[in-house]
Amino acid sequence: MADLDSVLSCLDLNLDRSVERLQALLRIPSISTDPAYAEDCQRAAEWLRGDLEAIGFDARVHETTGRPMVVARREGPAGSPNVLFYGHYDVQPVDPLELWDADPFDPRVVDGPDGSRRITGRGSADDKGQLMTFIEACRAFIAETGGLPCSVTIFLEGEEESGSPSLLPFLDTHRDTLSADVALICDTSMWDKDTPAISTGLRGLVGEEVTIHAASMDLHSGYFGGAAANPITVLARIIGELHDAEGRVILPGFYDGVPELPEDVRRVWDELPFSQDAFLGQVGLSVPFGETGRSVLEQTWSRPTAEVNGIEGGYTGKGFKTVIAAEAHAKISFRLVFDQDPAAIRESFRQFVRERLPADCRAEFHEHGGSPAIQLPFDSPVLETAREALSAEWPNKAVMIGMGGSIPVVGEFKRRLGMPSLLVGFGLADDRIHSPNEKYEMRSFAKGQRSWARILAALGERGTK
């Protein structure tokens, strides 16, 4: 405890310097999706390598077919747990630039509407500010104690915002280097500004694009109408049959591997200060639309979905054109939970479509990725250790939440490296990630550093088993 107290004091005393380091990283426009910024991505990777080397890590920049990866290692005491920290240094494009209040790559510390201090700039919350909270915790531990309480590998990706095309080959090639007892991921958010959160589950994802073909060309709807198959009508009918009247997805086998939520977890979620009226009201809605009898949190955190993300066919320009289209298209995503099999869901959907095709119609499918859901056991020792550590730092006790979205790397860590992931982040809902005027609260940055110091100390003392 004495060591931890000195580490926490070190973080407090050096907060201004840590902000300066973050601002230096934020000034590098490491936009991974645009080839024009390839040199800047390289520069960001080299900056991180140099910073990690300066505090005693063995750090390297690994070239890939895309943007480089940064891997750094520092051994902890003999027999201590081995943890992998993951973050990404690449950022989203800044368009539309005219909506920013200041240069997105000229980070500043400004006052928010409530008087709180915040760090502005692209990447401040997603994910440079978040990853630097962990690095600063390591810096303070090494400065105050001469080492770390755990063996730590830091893995920083440069393509997360552009689909991670180099990630899977890199994981396979560097399996031995990256394998650990548990992965720590700081790319998530708090429940609210006073309540830290541990995300115990991430929904998986299956993306499908389907095209229904009929006639060999677009047809005059007066001349052929009533006699020719209309792909738009066929597609709309199939999509309309995906759900029953109670909101359940009717694909055969869709709910295989989907258990009911444990009652103790349901009680915890029910006790969270959550308003479905406020949640839906902020986007102009009022009534939950999904499965009947399920709460909004249950619907978004622990239930699978089928959603139509786009549909197109025929004439969609200005004015009117009387045409029967030759083909119609739809993009559909399935969010998966628990042990649902992405490959089985994909095949079930395709078979569902094929069985409903009338004569003269055929379906063409295009895959848009797939990953399984991730569920950390609700009674995981590492989860409880992190929960206690976070609760000691923040005004309110840490809560265990689900996430409606997907972070594919979490699934790959489990599938390819055989390790669970602990998702702890310090972002807030209003941080405007991926949008103009992105920001990261100074309080999140400061207490995020202290939180990781507490978690590392607790893991070093208790282990991960």
# chains A, B, ... in the order shown; residues from 1 in each chain; ligands from 1

call {"tool": "residues_around", "arguments": {"residues": "Leu11 of chain A", "least_positions_apart": "6", "cutoff": "8 Å", "atoms": "only C-alpha atoms", "output": "JSON, numbers by chain"}}
result
{"A": [136, 137, 140, 446, 449, 450]}

call {"tool": "select_by_dssp", "arguments": {"residues": "segment 422-451 of chain A", "states": "strand (DSSP E)", "output": "CSV table (one decimal) with N, CA and C atoms, in the first residue's frame"}}
result
chain,number,residue,atom,x,y,z
A,422,LEU,N,-10.2,-7.7,-20.2
A,422,LEU,CA,-10.9,-6.9,-19.3
A,422,LEU,C,-11.0,-5.5,-19.9
A,423,LEU,N,-12.2,-5.0,-20.1
A,423,LEU,CA,-12.5,-3.7,-20.7
A,423,LEU,C,-12.8,-2.7,-19.7
A,424,VAL,N,-11.8,-1.8,-19.6
A,424,VAL,CA,-12.0,-0.6,-18.6
A,424,VAL,C,-11.6,0.6,-19.4
A,439,LYS,N,-13.3,15.5,-27.4
A,439,LYS,CA,-12.6,15.9,-26.2
A,439,LYS,C,-12.5,14.8,-25.2
A,440,TYR,N,-11.6,14.9,-24.3
A,440,TYR,CA,-11.4,14.0,-23.2
A,440,TYR,C,-11.3,14.8,-21.9
A,441,GLU,N,-12.2,14.4,-20.9
A,441,GLU,CA,-12.2,15.2,-19.7
A,441,GLU,C,-10.9,15.0,-18.9

call {"tool": "residues_around", "arguments": {"residues": "segment 68-70 of chain A", "least_positions_apart": "6", "cutoff": "9 Å", "atoms": "only C-alpha atoms", "output": "ChimeraX atom specification"}}
result
/A:41-42,45-46,48-49,59-62,88,154-159,166-167,170

call {"tool": "select_by_dssp", "arguments": {"residues": "segment 33-265 of chain A", "states": "helix (DSSP H, G or I)", "output": "PyMOL selection string"}}
result
chain A and resi 35-54+97-99+128-145+160-162+167-173+175-178+231-240+263-265

call {"tool": "atom_distance", "arguments": {"atom1": "atom CA of Val265 of chain A", "atom2": "atom CA of Ala458 of chain A"}}
result
24.0 Å

call {"tool": "closest_residue", "arguments": {"among": "A:Phe85, A:Phe105, A:Phe141, A:Phe338", "to": "Gly56 of chain A", "atoms": "only C-alpha atoms"}}
result
A:Phe141

call {"tool": "residues_around", "arguments": {"residues": "Phe289 of chain A", "least_positions_apart": "6", "cutoff": "10 Å", "atoms": "only C-alpha atoms", "output": "list in words"}}
result
Glu246, Gly247, Val296 and Gln299 of chain A

call {"tool": "residues_around", "arguments": {"residues": "Leu261 of chain A", "least_positions_apart": "6", "cutoff": "12 Å", "atoms": "only C-alpha atoms", "output": "PyMOL selection string"}}
result
chain A and resi 201+267-269+294-295+297-299+301-303+337-338+375+378+402

call {"tool": "residues_around", "arguments": {"residues": "Glu367 of chain A", "least_positions_apart": "6", "cutoff": "12 Å", "atoms": "only C-alpha atoms", "output": "MDAnalysis selection string"}}
result
chainID A and resid 205:211 331:333 342:343 346:347 349:350

call {"tool": "write_last_selection", "arguments": {"atoms": "C-alpha atoms", "output": "mmCIF file, in the first residue's frame"}}
result
data_model
loop_
_atom_site.group_PDB
_atom_site.id
_atom_site.type_symbol
_atom_site.label_atom_id
_atom_site.label_comp_id
_atom_site.auth_asym_id
_atom_site.auth_seq_id
_atom_site.Cartn_x
_atom_site.Cartn_y
_atom_site.Cartn_z
ATOM 1 C CA LEU A 205 -21.247 -9.170 -35.425
ATOM 2 C CA VAL A 206 -22.202 -10.774 -38.725
ATOM 3 C CA GLY A 207 -22.457 -8.454 -41.726
ATOM 4 C CA GLU A 208 -24.245 -9.608 -44.876
ATOM 5 C CA GLU A 209 -25.131 -7.959 -48.168
ATOM 6 C CA VAL A 210 -27.778 -9.674 -50.266
ATOM 7 C CA THR A 211 -28.765 -8.937 -53.863
ATOM 8 C CA LYS A 331 -27.261 -4.746 -46.058
ATOM 9 C CA ILE A 332 -28.104 -6.575 -42.861
ATOM 10 C CA SER A 333 -26.175 -6.884 -39.616
ATOM 11 C CA PRO A 342 -21.229 -16.355 -36.606
ATOM 12 C CA ALA A 343 -20.758 -18.919 -39.382
ATOM 13 C CA ARG A 346 -24.636 -16.449 -41.725
ATOM 14 C CA GLU A 347 -25.584 -19.763 -43.308
ATOM 15 C CA PHE A 349 -29.739 -16.335 -43.055
ATOM 16 C CA ARG A 350 -28.654 -17.337 -46.551
#
